[in-house]
Amino acid sequence: MNISPIDWAIVVGYILFALGLGVYFSRRAGKNIDEFFISGRNLPWWLAGTSMVATTFAADTPLAVTELVVEDGIAGNWLWWNIVLSGMLATFLFARLWRRSEIITDVEFTELRYSGPSASFLRGFRALYIGLPINCITMGWVILAMQKIVVITFDLQDDATTKILVVLGFLLIAGVYCTLSGFWGVVMTDIVQFGMAMVGSIALAIIAVNKIGGIGVLKEKLINVYGAEHSILNFTPDFSAGKMAIITFGVYLGIQWWASNGVDGTGYTAQRMFAAKDERHSLLATLWFNIAHYTLRPWPWILVALVAMVVYPGIGDPGHTNPTLRDPAAGYPLMMLDYLPVGLLGLMLTAFLAAFMSTIDTHLNWGASYLVNDFYKRFFKPQATPEHYVAISRLFVILIMLIAGGTSFLMNSIAGAWKFLIALNAGIGLVQILRWYWWRINAWSEISAMFASLVVSIVVFTLPQTKGEFALQMLIIVPISTVVWIVVTFLTEPVSTETLTNFYDRVRPSKRGWTLIAGEAKEAQDGTNRQNLQTDSKTPALVNWVIGVIFIYSFLFSIGKLLLGFTGTGLIFLLIAIISGAIMYKNLPRKERNNI
């Protein structure tokens, strides 16, 4: 263990900074739940977007990427690279609609869009289902990752006692300042965390590559260790490996991105859209998030993972003589310990701690927003004072923190938890898209999609024939769930006309799919022409989506190809990125408009 007093000082300094920030914002956050959960809807795009990026960089993220690269090469990252498609869809089709809805949580949307007892049930159920089990599964794997980092860094025994100490220690720190400061503390610490994480990740990648002799030597050693025919550096799967590789890639690009929960930007992403100053800031925040998340952050992690594969031969092998190296995710923290000098090691450890706290406090605050706004306030005490709701919010933060800590003890694999959660929500995405663009979707559509995905995914994950075959699992779950919710939609009554017209008039989605309702809305009655403020029509929004996807992928691949020494291909991708980026920039809104 090579942790100097300077490294310790950096770590302790950040903890004190975070706690001080919690105390500083505690009074402002205590005014009401708008301040506690969405910062009074006053965040500029760069702050809201950076907060999105920081939240998705948890302690688990570099470890999970390392695990994917060790097991499947660079192409293994398509497990999450495919979500570029839904990320840009949320940017150009949904970000401004979410902000325009003027709600506190995306779960509250259910009673804005649907009517009757089914809408009330869906709101309450989703508040509990997402706020507790789904939310705690996510926090569980983040805690698991932090535990792995601590065990490796301090050379501790990986046993129950260590887990308890790690969970209690770090959750206590995150929980205290999250409870005090609400969303203000979450966002402000996110900015610091993002800066430290990027500096630390890039520094580790540069040092690791240089110490091994450069990119050329790294490529040679990969050949020495894995053979001349290895496909580790390929950006697409090795299709010669068999039809399963083709099917998996097809599922990533053809099904997963639109079928899974969150395709329209729900969850903590939507929370930051609600917190943005206006609709333009909401769109720009989501765009900045996608650019930073997919193009700026992955390559330092991937380079470190590639170096780890040659520095620790056989990493990820269940039969490895070194128990630590049996875990493919262990390569990242080991590289930190072996390669980073004094000061930088402390910065990186602090970055991991900050990343952990950033994600945990987001999920604590976000989960509590569901339990308070969409369950407690909606069904139990709708007329309490603002101070009362803030006090209850803080109690729910503590409750979620305790449940998440217990959940972490049930997990073993970070990437495995990612895949399980994706499958658990498969089949819901198409309903989430169509609810904005087709009046016939009702609460039963969402309810049936959720329950079908839940039941089928649990069954599929227990079948020996599909165990470990993520693509096959998705190919079973998505079609069954889709058929179920479509049948249920047409067998149940549509949403009341009054609710639909109120929703249409307030949110103003595209008229396509809402023709029967548009005539009843106020815009038709008072003669105004308030079209969708995202674009002049749905078609330009889809065009911007395509251009945005091309920009993100070409920029992502250009950086990777240039870093790995494939200069010609990298420059071609860079040219495509520049052209598509210029077109996308030209199409962005320059100012907020209330009428078109």
# chains A, B, ... in the order shown; residues from 1 in each chain; ligands from 1
>>> residues_around(residues="Val390 (chain A)", least_positions_apart="5", cutoff="8 Å", atoms="only C-alpha atoms", output="ChimeraX atom specification")
/A:30-33,36
>>> write_last_selection(atoms="all heavy atoms", output="PDB file, in the first residue's frame")
ATOM      1  N   GLY A  30     -34.004  23.666   2.392  1.00  0.00           N
ATOM      2  CA  GLY A  30     -35.083  23.414   3.340  1.00  0.00           C
ATOM      3  C   GLY A  30     -36.329  24.242   3.121  1.00  0.00           C
ATOM      4  O   GLY A  30     -37.313  24.089   3.858  1.00  0.00           O
ATOM      5  N   LYS A  31     -36.350  25.121   2.107  1.00  0.00           N
ATOM      6  CA  LYS A  31     -37.514  25.982   1.874  1.00  0.00           C
ATOM      7  C   LYS A  31     -38.735  25.185   1.447  1.00  0.00           C
ATOM      8  O   LYS A  31     -39.834  25.369   1.970  1.00  0.00           O
ATOM      9  CB  LYS A  31     -37.183  27.030   0.810  1.00  0.00           C
ATOM     10  CG  LYS A  31     -36.173  28.076   1.252  1.00  0.00           C
ATOM     11  CD  LYS A  31     -35.923  29.070   0.129  1.00  0.00           C
ATOM     12  CE  LYS A  31     -34.914  30.139   0.547  1.00  0.00           C
ATOM     13  NZ  LYS A  31     -34.650  31.088  -0.565  1.00  0.00           N
ATOM     14  N   ASN A  32     -38.575  24.319   0.458  1.00  0.00           N
ATOM     15  CA  ASN A  32     -39.683  23.524  -0.080  1.00  0.00           C
ATOM     16  C   ASN A  32     -39.109  22.401  -0.937  1.00  0.00           C
ATOM     17  O   ASN A  32     -37.891  22.350  -1.173  1.00  0.00           O
ATOM     18  CB  ASN A  32     -40.642  24.399  -0.907  1.00  0.00           C
ATOM     19  CG  ASN A  32     -39.920  25.214  -1.969  1.00  0.00           C
ATOM     20  OD1 ASN A  32     -39.233  24.663  -2.820  1.00  0.00           O
ATOM     21  ND2 ASN A  32     -40.056  26.533  -1.895  1.00  0.00           N
ATOM     22  N   ILE A  33     -39.969  21.521  -1.430  1.00  0.00           N
ATOM     23  CA  ILE A  33     -39.458  20.375  -2.181  1.00  0.00           C
ATOM     24  C   ILE A  33     -39.019  20.765  -3.590  1.00  0.00           C
ATOM     25  O   ILE A  33     -38.244  20.029  -4.220  1.00  0.00           O
ATOM     26  CB  ILE A  33     -40.466  19.203  -2.235  1.00  0.00           C
ATOM     27  CG1 ILE A  33     -41.806  19.645  -2.840  1.00  0.00           C
ATOM     28  CG2 ILE A  33     -40.662  18.615  -0.858  1.00  0.00           C
ATOM     29  CD1 ILE A  33     -42.771  18.477  -3.028  1.00  0.00           C
ATOM     30  N   PHE A  36     -35.518  21.458  -2.784  1.00  0.00           N
ATOM     31  CA  PHE A  36     -34.841  20.248  -2.310  1.00  0.00           C
ATOM     32  C   PHE A  36     -34.612  19.247  -3.436  1.00  0.00           C
ATOM     33  O   PHE A  36     -33.605  18.528  -3.436  1.00  0.00           O
ATOM     34  CB  PHE A  36     -35.661  19.587  -1.195  1.00  0.00           C
ATOM     35  CG  PHE A  36     -34.904  18.535  -0.424  1.00  0.00           C
ATOM     36  CD1 PHE A  36     -34.065  18.890   0.622  1.00  0.00           C
ATOM     37  CD2 PHE A  36     -35.011  17.190  -0.754  1.00  0.00           C
ATOM     38  CE1 PHE A  36     -33.352  17.925   1.328  1.00  0.00           C
ATOM     39  CE2 PHE A  36     -34.313  16.218  -0.051  1.00  0.00           C
ATOM     40  CZ  PHE A  36     -33.485  16.594   0.989  1.00  0.00           C
TER      41      PHE A  36
END
>>> residues_around(residues="Pro328 (chain A)", least_positions_apart="2", cutoff="7 Å", atoms="only C-alpha atoms", output="JSON, numbers by chain")
{"A": [66, 67, 70, 315, 316, 325, 326, 330, 331]}
>>> write_last_selection(atoms="C-alpha atoms", output="PDB file, in the first residue's frame")
ATOM      1  CA  THR A  66     -12.519  -2.570 -17.622  1.00  0.00           C
ATOM      2  CA  GLU A  67     -14.535  -5.751 -17.118  1.00  0.00           C
ATOM      3  CA  VAL A  70     -11.136  -7.698 -20.583  1.00  0.00           C
ATOM      4  CA  ILE A 315      -6.699 -11.215 -15.690  1.00  0.00           C
ATOM      5  CA  GLY A 316     -10.323 -12.336 -15.516  1.00  0.00           C
ATOM      6  CA  LEU A 325      -6.830 -11.046 -10.724  1.00  0.00           C
ATOM      7  CA  ARG A 326      -9.731 -13.457 -11.099  1.00  0.00           C
ATOM      8  CA  ALA A 330      -9.721  -5.380 -10.608  1.00  0.00           C
ATOM      9  CA  GLY A 331      -7.330  -4.181 -13.300  1.00  0.00           C
TER      10      GLY A 331
END
>>> residues_around(residues="region 275-285 of chain A", least_positions_apart="5", cutoff="8 Å", atoms="only C-alpha atoms", output="list in words")
Ile38, Ser39, Gly40, Arg41, Asn42, Leu43, Pro44, Trp45, Trp46, Leu47, Ala48, Gly49, Thr50, Thr91, Phe92, Ala95, Arg96, Leu97, Arg99, Arg100, Pro589, Lys591 and Glu592 of chain A
>>> residues_around(residues="Leu563 (chain A)", least_positions_apart="4", cutoff="10 Å", atoms="only C-alpha atoms", output="VMD selection string")
chain A and resid 215 299 to 300 303 557 to 559 567 570
>>> atom_distance(atom1="CA of Leu204 (chain A)", atom2="CA of Leu63 (chain A)")
13.8 Å
>>> select_by_dssp(residues="region 468-584 of chain A", states="alpha helix (DSSP H)", output="number ranges by chain")
A: 470-491, 497-507, 515-518, 522-525, 538-563, 567-584
>>> residues_around(residues="Gly367 (chain A)", least_positions_apart="2", cutoff="9 Å", atoms="only C-alpha atoms", output="MDAnalysis selection string")
chainID A and resid 127:128 130:132 135:136 268 362:365 369:372 396:397 400
>>> write_last_selection(atoms="all heavy atoms", output="compact mmCIF listing (two decimals), in the first residue's frame")
# COMPACT_ATOMS: atom_id res chain seq x y z
N ALA A 127 -43.59 4.99 -8.17
CA ALA A 127 -42.85 5.70 -7.12
C ALA A 127 -42.16 4.72 -6.19
O ALA A 127 -40.98 4.89 -5.84
CB ALA A 127 -43.80 6.61 -6.34
N LEU A 128 -42.87 3.67 -5.79
CA LEU A 128 -42.29 2.67 -4.89
C LEU A 128 -41.33 1.74 -5.62
O LEU A 128 -40.25 1.43 -5.12
CB LEU A 128 -43.41 1.86 -4.23
CG LEU A 128 -44.33 2.63 -3.28
CD1 LEU A 128 -45.44 1.72 -2.78
CD2 LEU A 128 -43.54 3.20 -2.10
N ILE A 130 -39.61 2.09 -8.55
CA ILE A 130 -38.35 2.71 -9.01
C ILE A 130 -37.60 3.33 -7.84
O ILE A 130 -36.38 3.24 -7.75
CB ILE A 130 -38.63 3.76 -10.09
CG1 ILE A 130 -39.34 3.11 -11.28
CG2 ILE A 130 -37.34 4.43 -10.53
CD1 ILE A 130 -39.74 4.09 -12.36
N GLY A 131 -38.34 3.94 -6.93
CA GLY A 131 -37.69 4.63 -5.82
C GLY A 131 -36.97 3.72 -4.86
O GLY A 131 -35.99 4.10 -4.23
N LEU A 132 -37.46 2.47 -4.73
CA LEU A 132 -36.83 1.55 -3.79
C LEU A 132 -36.07 0.41 -4.48
O LEU A 132 -34.84 0.49 -4.60
CB LEU A 132 -37.87 1.03 -2.80
CG LEU A 132 -38.35 2.07 -1.77
CD1 LEU A 132 -39.47 1.51 -0.91
CD2 LEU A 132 -37.20 2.54 -0.89
N ASN A 135 -33.96 1.53 -7.79
CA ASN A 135 -32.98 2.51 -7.35
C ASN A 135 -31.89 1.89 -6.48
O ASN A 135 -30.70 2.17 -6.63
CB ASN A 135 -33.70 3.62 -6.58
CG ASN A 135 -32.84 4.84 -6.35
OD1 ASN A 135 -31.92 5.13 -7.09
ND2 ASN A 135 -33.14 5.58 -5.29
N CYS A 136 -32.30 1.00 -5.59
CA CYS A 136 -31.34 0.39 -4.67
C CYS A 136 -30.46 -0.64 -5.36
O CYS A 136 -29.32 -0.87 -4.93
CB CYS A 136 -32.08 -0.23 -3.49
SG CYS A 136 -32.79 1.02 -2.38
N TYR A 268 -33.10 10.33 -13.29
CA TYR A 268 -32.32 11.47 -12.81
C TYR A 268 -31.94 12.41 -13.94
O TYR A 268 -31.65 13.58 -13.71
CB TYR A 268 -31.08 11.01 -12.04
CG TYR A 268 -30.19 10.03 -12.77
CD1 TYR A 268 -29.32 10.46 -13.76
CD2 TYR A 268 -30.21 8.68 -12.45
CE1 TYR A 268 -28.49 9.57 -14.43
CE2 TYR A 268 -29.38 7.78 -13.10
CZ TYR A 268 -28.53 8.23 -14.10
OH TYR A 268 -27.71 7.35 -14.75
N THR A 362 -27.17 11.47 -5.77
CA THR A 362 -28.20 11.66 -6.80
C THR A 362 -29.33 10.67 -6.62
O THR A 362 -30.52 11.02 -6.65
CB THR A 362 -27.60 11.51 -8.20
OG1 THR A 362 -26.82 12.67 -8.50
CG2 THR A 362 -28.69 11.38 -9.26
N HIS A 363 -28.98 9.40 -6.43
CA HIS A 363 -30.01 8.37 -6.31
C HIS A 363 -30.77 8.48 -4.99
O HIS A 363 -31.96 8.16 -4.94
CB HIS A 363 -29.38 6.99 -6.46
CG HIS A 363 -29.09 6.63 -7.88
ND1 HIS A 363 -29.99 5.94 -8.66
CD2 HIS A 363 -28.03 6.89 -8.68
CE1 HIS A 363 -29.49 5.78 -9.88
NE2 HIS A 363 -28.29 6.34 -9.91
N LEU A 364 -30.11 8.95 -3.97
CA LEU A 364 -30.82 9.18 -2.71
C LEU A 364 -31.84 10.30 -2.87
O LEU A 364 -33.01 10.18 -2.47
CB LEU A 364 -29.83 9.53 -1.60
CG LEU A 364 -28.91 8.41 -1.11
CD1 LEU A 364 -27.89 8.97 -0.11
CD2 LEU A 364 -29.70 7.27 -0.47
N ASN A 365 -31.40 11.42 -3.46
CA ASN A 365 -32.29 12.56 -3.64
C ASN A 365 -33.40 12.25 -4.64
O ASN A 365 -34.58 12.56 -4.40
CB ASN A 365 -31.47 13.76 -4.12
CG ASN A 365 -32.29 15.02 -4.29
OD1 ASN A 365 -32.88 15.26 -5.34
ND2 ASN A 365 -32.34 15.84 -3.26
N SER A 369 -37.44 11.85 -3.99
CA SER A 369 -38.43 12.69 -4.69
C SER A 369 -39.64 11.88 -5.10
O SER A 369 -40.78 12.37 -5.06
CB SER A 369 -37.78 13.36 -5.91
OG SER A 369 -37.55 12.43 -6.96
N TYR A 370 -39.43 10.63 -5.51
CA TYR A 370 -40.55 9.75 -5.86
C TYR A 370 -41.40 9.43 -4.62
O TYR A 370 -42.62 9.51 -4.64
CB TYR A 370 -40.05 8.44 -6.46
CG TYR A 370 -39.51 8.53 -7.86
CD1 TYR A 370 -38.86 7.45 -8.43
CD2 TYR A 370 -39.65 9.69 -8.62
CE1 TYR A 370 -38.37 7.50 -9.73
CE2 TYR A 370 -39.16 9.75 -9.91
CZ TYR A 370 -38.51 8.66 -10.46
OH TYR A 370 -38.03 8.72 -11.74
N LEU A 371 -40.70 9.03 -3.57
CA LEU A 371 -41.41 8.59 -2.37
C LEU A 371 -42.20 9.72 -1.71
O LEU A 371 -43.28 9.50 -1.16
CB LEU A 371 -40.43 7.98 -1.37
CG LEU A 371 -39.67 6.74 -1.84
CD1 LEU A 371 -38.76 6.23 -0.74
CD2 LEU A 371 -40.62 5.64 -2.29
N VAL A 372 -41.67 10.93 -1.79
CA VAL A 372 -42.35 12.07 -1.17
C VAL A 372 -43.41 12.66 -2.10
O VAL A 372 -44.59 12.76 -1.76
CB VAL A 372 -41.34 13.16 -0.76
CG1 VAL A 372 -42.06 14.41 -0.23
CG2 VAL A 372 -40.39 12.62 0.29
N PHE A 396 -36.72 9.97 4.17
CA PHE A 396 -36.72 9.00 3.09
C PHE A 396 -35.31 8.81 2.52
O PHE A 396 -34.95 7.72 2.07
CB PHE A 396 -37.69 9.40 1.99
CG PHE A 396 -39.10 8.94 2.23
CD1 PHE A 396 -40.15 9.84 2.22
CD2 PHE A 396 -39.38 7.60 2.48
CE1 PHE A 396 -41.45 9.43 2.45
CE2 PHE A 396 -40.68 7.18 2.70
CZ PHE A 396 -41.72 8.09 2.69
N VAL A 397 -34.51 9.86 2.51
CA VAL A 397 -33.11 9.73 2.07
C VAL A 397 -32.39 8.70 2.93
O VAL A 397 -31.67 7.83 2.43
CB VAL A 397 -32.40 11.10 2.14
CG1 VAL A 397 -30.89 10.93 2.04
CG2 VAL A 397 -32.89 12.01 1.02
N ILE A 400 -33.72 5.05 2.15
CA ILE A 400 -33.17 4.51 0.91
C ILE A 400 -31.70 4.14 1.08
O ILE A 400 -31.23 3.11 0.58
CB ILE A 400 -33.34 5.54 -0.23
CG1 ILE A 400 -34.82 5.78 -0.51
CG2 ILE A 400 -32.64 5.05 -1.51
CD1 ILE A 400 -35.08 6.94 -1.45
>>> closest_residue(among="A:Ser260, A:Thr466, A:Ser554, A:Thr407", to="Thr569 (chain A)", atoms="only C-alpha atoms")
A:Ser554
>>> residues_around(residues="region 309-311 of chain A", least_positions_apart="4", cutoff="9 Å", atoms="only C-alpha atoms", output="list in words")
Val69, Val70, Ile212, Leu218, Lys221, Leu222, Asn224, Val225, Tyr226, Val304, Ala305, Ile315, Gly331 and Met335 of chain A
>>> atom_distance(atom1="CA of Val53 (chain A)", atom2="CA of Pro298 (chain A)")
11.9 Å
>>> atom_distance(atom1="CA of Val546 (chain A)", atom2="CA of Met88 (chain A)")
8.3 Å
>>> closest_residue(among="A:Leu68, A:Met139, A:Ala59, A:Leu93", to="Gly405 (chain A)", atoms="only C-alpha atoms")
A:Met139
>>> closest_atom_pairs(of="region 110-205 of chain A", to="region 25-29 of chain A", cutoff="6 Å", atoms="only C-alpha atoms", output="Markdown table")
| residue | atom | partner | partner_atom | distance |
| --- | --- | --- | --- | --- |
| A:Leu180 | CA | A:Ser26 | CA | 4.8 |
| A:Ser181 | CA | A:Ser26 | CA | 4.3 |
| A:Gly182 | CA | A:Ala29 | CA | 5.5 |
>>> write_last_selection(atoms="all heavy atoms", output="PDB file, in the first residue's frame")
ATOM      1  N   LEU A 180     -28.728  17.104   4.106  1.00  0.00           N
ATOM      2  CA  LEU A 180     -28.707  18.526   4.445  1.00  0.00           C
ATOM      3  C   LEU A 180     -29.005  19.425   3.252  1.00  0.00           C
ATOM      4  O   LEU A 180     -29.850  20.313   3.321  1.00  0.00           O
ATOM      5  CB  LEU A 180     -27.330  18.892   5.026  1.00  0.00           C
ATOM      6  CG  LEU A 180     -26.985  18.348   6.405  1.00  0.00           C
ATOM      7  CD1 LEU A 180     -25.520  18.656   6.724  1.00  0.00           C
ATOM      8  CD2 LEU A 180     -27.892  18.955   7.466  1.00  0.00           C
ATOM      9  N   SER A 181     -28.315  19.177   2.147  1.00  0.00           N
ATOM     10  CA  SER A 181     -28.293  20.163   1.067  1.00  0.00           C
ATOM     11  C   SER A 181     -29.295  19.912  -0.033  1.00  0.00           C
ATOM     12  O   SER A 181     -29.534  20.794  -0.865  1.00  0.00           O
ATOM     13  CB  SER A 181     -26.891  20.212   0.443  1.00  0.00           C
ATOM     14  OG  SER A 181     -26.601  18.972  -0.179  1.00  0.00           O
ATOM     15  N   GLY A 182     -29.896  18.720  -0.105  1.00  0.00           N
ATOM     16  CA  GLY A 182     -30.812  18.432  -1.189  1.00  0.00           C
ATOM     17  C   GLY A 182     -30.112  18.480  -2.532  1.00  0.00           C
ATOM     18  O   GLY A 182     -28.911  18.227  -2.651  1.00  0.00           O
TER      19      GLY A 182
END
>>> closest_residue(among="A:Leu349, A:Ala270, A:Ile143, A:Leu542", to="Gly406 (chain A)", atoms="only C-alpha atoms")
A:Ile143
>>> closest_residue(among="A:Ile476, A:Ala90, A:Leu353, A:Met188", to="Val263 (chain A)", atoms="only C-alpha atoms")
A:Ala90
